[in-house]
Amino acid sequence: MGAVALITTAVVQNKPLPKNMKYGIVLDAGSSHTSVYIYEWPAEKENDTGVVQQIDACKVDGNGISSYAHDPPVAGLSLQKCMDKAREVIPEQQQRETPVYLGATAGMRLLRLNNATLADEVLSSVGSTLRSYPFEFQGARIITGQEEGAYGWITINYLLGNFLENSGWLGRLKQSATFGALDLGGASTQITFVSKKEIESQENSLHFRLYGKSYDVYTHSYLCYGKDQALRRQIAYTIPDANNSTILDPCFNSGYRRNTSTKDLYSSPCIAQQRISTAPSNIEIKGTGNYQLCKQKVEMIFNKTQCTYSQCSFNGIFQPNLEGEFGAFSAYYFVMDFLKLTNEKISLERVKEAVKTHCSRPWEEVLKEFPKIKEKYLSEYCFSGTYILSLLENGFGFNSENWKDISFLGKIKGSDAGWTLGYMLNLTNMIPAELPYSPPLSHGSYIGLMVFFSILLVFIILTCWLSLRKPKCLQKGII
Ligand SMILES: O=P(O)(O)OP(=O)(O)OP(=O)(O)OC[C@H]1O[C@@H](n2cnc3c(O)ncnc32)[C@H](O)[C@@H]1O
């Protein structure tokens, strides 16, 4: 049984794993990009830490896996570029023994909601491209939000060495020191952490046994709360106010302009409740760059009014009290890294000030300072920074006190923080549920101890024999 026994849906196919695996490839087919990660197993005994490492990664050009739905040949070609790279990196004699997994995330969960047949077609089309390579293709599937959260948590704690640290006898006695995982994607966001308190909702509760230690883990994935979908929702809220098809948007820098088609905006199931039939077909967004007003708009997407549990995050979702340290990755890292706010010593108040300052900068000035950054990313840092602050503070309940417990993580020991490594470790059974039995003493120490105790025994017997003989001699002497 795999270590992550509760995630039963994680079995991709019933194909046996290649016998001499030394490499593994995972494709993360997200809403905004597909990325290809290549991992290498440590050579036996060479690597004390036994950590599987990322040796290469490649971002597929284009707009995520759903672009396969619109133009399969073009999407296939850009995927081929990354797969060709994998073929260059992995030695030829190892290629047939290298498993390839594709996991699609929230972008495909949304496509499946809109059109399940199309989602299946996309997966089979990508599968055909992957099958044309000499690797051992193990299947393409849409992973659940729960899996995305759980595998992200496994990845960061594996790379940080927390599972092994907890597996010794001392580690098993003390409270588990794991990092919670905060993952912000384009279409969904996940929060996952070990909770000492009872998890009141079954669907948010996971139990893992890893390296001989049990973990009760809380996880929730919020579909439509990734930063791209959140931006769409924030824009959609303003459409009723649209005057002459123009929206004044405080979440973009002043001077910034963008044209959007409402058909495209409304194509997402995330906007279903905000659709208005009288909306103009095109709208022009004009930035006004105001952090406070942006924050007010962003907060409209968090419903804090209903909760049927003892406590909730938002939208009636149960969330226990935040516990321990957290690692925040994916878009949390991209955005905070751009804003130079990844240093743990920066207080929440200073982070807010920095985002406010960035939002108030004229677009011209921002563009001049960062000419090399993709315009889509650059134009959205004001919104993204504000959204991250709202999600963490208003959504999950972080505050000035526990803000210092969040570390913004890009890479850990050379591997990207994200769900892919955890996914592969689970499917290749690389994390055992129990610690492999290791004798307390090595063979040499055992022999040494046996010799020592034998000599000690002979010495004791001799001493006793001598001391028992002496009185008799003395007695004889007295008589
Ligand atoms: O799990 P889902 O929701 O499908 O998400 P995803 O797979 O699209 O998630 P990614 O981690 O690829 O990206 C998360 C978001 O970060 C954005 N992003 C990627 N690189 C970035 C960068 O350098 N600067 C700013 N944003 C970036 C990207 O457009 C997404 O909105």
# chains A, B, ... in the order shown; residues from 1 in each chain; ligands from 1
>>> residues_near_ligand(ligand="ligand 1", cutoff="9 Å", atoms="only C-alpha atoms and all ligand atoms", output="mmCIF file with C-alpha atoms, in the first residue's frame")
data_model
loop_
_atom_site.group_PDB
_atom_site.id
_atom_site.type_symbol
_atom_site.label_atom_id
_atom_site.label_comp_id
_atom_site.auth_asym_id
_atom_site.auth_seq_id
_atom_site.Cartn_x
_atom_site.Cartn_y
_atom_site.Cartn_z
ATOM 1 C CA ASP A 28 1.892 20.128 -14.398
ATOM 2 C CA ALA A 29 -0.904 21.116 -16.754
ATOM 3 C CA GLY A 30 -2.155 24.277 -15.072
ATOM 4 C CA SER A 31 -4.669 26.921 -16.050
ATOM 5 C CA SER A 32 -2.014 29.328 -17.259
ATOM 6 C CA HIS A 33 0.941 27.100 -18.222
ATOM 7 C CA THR A 34 2.075 23.552 -18.575
ATOM 8 C CA SER A 35 5.427 22.873 -16.938
ATOM 9 C CA LYS A 59 7.726 25.887 -19.201
ATOM 10 C CA ASN A 63 -1.774 29.421 -22.319
ATOM 11 C CA GLY A 64 -2.170 26.229 -20.386
ATOM 12 C CA ALA A 104 -4.006 18.633 -14.859
ATOM 13 C CA THR A 105 -5.193 21.103 -12.234
ATOM 14 C CA ALA A 106 -7.859 23.766 -11.820
ATOM 15 C CA GLY A 107 -7.914 25.018 -15.434
ATOM 16 C CA MET A 108 -9.024 21.549 -16.522
ATOM 17 C CA ARG A 109 -11.405 21.213 -13.557
ATOM 18 C CA GLY A 145 -8.104 19.953 -5.403
ATOM 19 C CA GLU A 148 -3.177 19.273 -5.206
ATOM 20 C CA ASP A 183 -0.415 27.331 -2.965
ATOM 21 C CA LEU A 184 -1.810 30.071 -5.202
ATOM 22 C CA GLY A 185 -2.462 29.060 -8.810
ATOM 23 C CA GLY A 186 -4.194 30.793 -11.666
ATOM 24 C CA ALA A 187 -7.582 29.136 -11.125
ATOM 25 C CA SER A 188 -7.499 27.659 -7.612
ATOM 26 C CA THR A 189 -5.747 28.069 -4.294
ATOM 27 C CA GLN A 190 -4.956 25.453 -1.638
ATOM 28 C CA LEU A 223 -11.796 26.600 -7.060
ATOM 29 C CA CYS A 224 -12.141 30.038 -8.720
ATOM 30 C CA TYR A 225 -9.861 31.653 -6.087
ATOM 31 C CA GLY A 226 -6.652 31.369 -8.110
ATOM 32 C CA LYS A 227 -5.361 34.823 -8.990
ATOM 33 C CA ASP A 228 -6.509 34.877 -12.649
ATOM 34 C CA GLN A 229 -10.049 33.790 -11.835
ATOM 35 C CA PHE A 329 4.584 29.118 -3.146
ATOM 36 C CA SER A 330 3.571 29.423 -6.842
ATOM 37 C CA ALA A 331 1.934 32.819 -7.430
ATOM 38 C CA TYR A 332 2.434 33.821 -3.759
ATOM 39 C CA TYR A 333 6.150 33.626 -4.454
ATOM 40 C CA PHE A 334 6.130 35.121 -7.993
ATOM 41 C CA VAL A 335 4.250 38.210 -6.815
ATOM 42 C CA ASP A 337 9.360 38.206 -5.136
ATOM 43 C CA PHE A 338 8.595 40.925 -7.704
ATOM 44 C CA ILE A 373 8.749 41.632 -17.603
ATOM 45 C CA LYS A 374 5.764 40.227 -19.517
ATOM 46 C CA LYS A 376 0.382 40.664 -18.453
ATOM 47 C CA TYR A 377 2.282 39.971 -15.210
ATOM 48 C CA LEU A 378 3.548 43.531 -14.784
ATOM 49 C CA GLU A 380 -1.392 42.725 -12.596
ATOM 50 C CA TYR A 381 1.062 43.038 -9.687
ATOM 51 C CA SER A 384 -2.145 40.321 -7.252
ATOM 52 C CA GLY A 418 4.616 22.691 -5.945
#
>>> residues_around(residues="A:Asp216", least_positions_apart="4", cutoff="8 Å", atoms="only C-alpha atoms", output="PyMOL selection string")
chain A and resi 194-196+205-208
>>> residues_around(residues="stretch 391-397 of chain A", least_positions_apart="4", cutoff="7 Å", atoms="only C-alpha atoms", output="mmCIF file with N, CA and C atoms, in the first residue's frame")
data_model
loop_
_atom_site.group_PDB
_atom_site.id
_atom_site.type_symbol
_atom_site.label_atom_id
_atom_site.label_comp_id
_atom_site.auth_asym_id
_atom_site.auth_seq_id
_atom_site.Cartn_x
_atom_site.Cartn_y
_atom_site.Cartn_z
ATOM 1 N N PHE A 302 -15.128 37.376 -1.044
ATOM 2 C CA PHE A 302 -15.092 36.493 0.134
ATOM 3 C C PHE A 302 -16.406 36.644 0.903
ATOM 4 N N SER A 313 -13.316 29.772 7.286
ATOM 5 C CA SER A 313 -12.460 30.743 6.600
ATOM 6 C C SER A 313 -13.408 31.705 5.875
ATOM 7 N N PHE A 314 -13.936 31.292 4.737
ATOM 8 C CA PHE A 314 -14.949 32.077 4.018
ATOM 9 C C PHE A 314 -15.791 31.116 3.174
ATOM 10 N N TYR A 387 -4.687 41.104 -3.723
ATOM 11 C CA TYR A 387 -5.454 39.858 -3.570
ATOM 12 C C TYR A 387 -4.765 38.919 -2.566
#
>>> residues_around(residues="A:Leu118", least_positions_apart="6", cutoff="9 Å", atoms="only C-alpha atoms", output="list of chain:residue names")
A:Ala69, A:Leu111, A:Arg112
>>> residues_around(residues="A:Tyr266", least_positions_apart="5", cutoff="12 Å", atoms="only C-alpha atoms", output="JSON, numbers by chain")
{"A": [114, 229, 232, 233, 235, 236, 237, 239, 260, 261, 271, 272, 273, 274, 275, 276, 277, 279, 280, 281, 282]}
>>> write_last_selection(atoms="C-alpha atoms", output="PDB file, in the first residue's frame")
ATOM      1  CA  ASN A 114     -18.123  23.555 -18.898  1.00  0.00           C
ATOM      2  CA  GLN A 229     -10.049  33.790 -11.835  1.00  0.00           C
ATOM      3  CA  ARG A 232     -11.965  38.079 -13.624  1.00  0.00           C
ATOM      4  CA  ARG A 233     -14.485  38.084 -10.785  1.00  0.00           C
ATOM      5  CA  ILE A 235     -13.657  42.906 -13.018  1.00  0.00           C
ATOM      6  CA  ALA A 236     -17.073  41.255 -13.503  1.00  0.00           C
ATOM      7  CA  TYR A 237     -18.357  42.968 -10.338  1.00  0.00           C
ATOM      8  CA  ILE A 239     -19.519  45.639 -15.258  1.00  0.00           C
ATOM      9  CA  THR A 260     -11.574  42.763 -22.684  1.00  0.00           C
ATOM     10  CA  SER A 261     -14.370  40.915 -24.398  1.00  0.00           C
ATOM     11  CA  ILE A 271     -18.405  34.140 -13.206  1.00  0.00           C
ATOM     12  CA  ALA A 272     -21.714  32.251 -13.574  1.00  0.00           C
ATOM     13  CA  GLN A 273     -23.492  34.238 -10.867  1.00  0.00           C
ATOM     14  CA  GLN A 274     -22.154  37.613 -11.987  1.00  0.00           C
ATOM     15  CA  ARG A 275     -23.266  37.438 -15.627  1.00  0.00           C
ATOM     16  CA  ILE A 276     -25.492  40.256 -16.819  1.00  0.00           C
ATOM     17  CA  SER A 277     -27.276  39.939 -20.127  1.00  0.00           C
ATOM     18  CA  ALA A 279     -23.303  43.842 -20.678  1.00  0.00           C
ATOM     19  CA  PRO A 280     -21.539  45.486 -23.644  1.00  0.00           C
ATOM     20  CA  SER A 281     -19.610  42.997 -25.796  1.00  0.00           C
ATOM     21  CA  ASN A 282     -16.312  44.804 -25.188  1.00  0.00           C
TER      22      ASN A 282
END
>>> select_by_dssp(residues="stretch 209-253 of chain A", states="strand (DSSP E)", output="ChimeraX atom specification")
/A:209-210,213-223,246-249
>>> closest_residue(among="A:Leu182, A:Cys251, A:Leu164, A:Ile301", to="A:Ala150", atoms="only C-alpha atoms")
A:Leu182
>>> residues_around(residues="A:Gln319", least_positions_apart="4", cutoff="12 Å", atoms="only C-alpha atoms", output="JSON, numbers by chain")
{"A": [191, 192, 193, 194, 195, 197, 198, 199, 200, 201, 202, 203, 204, 205, 217, 218, 219, 220, 221, 307, 308, 309, 310, 311, 312, 313, 314, 315, 323, 395, 396, 397]}
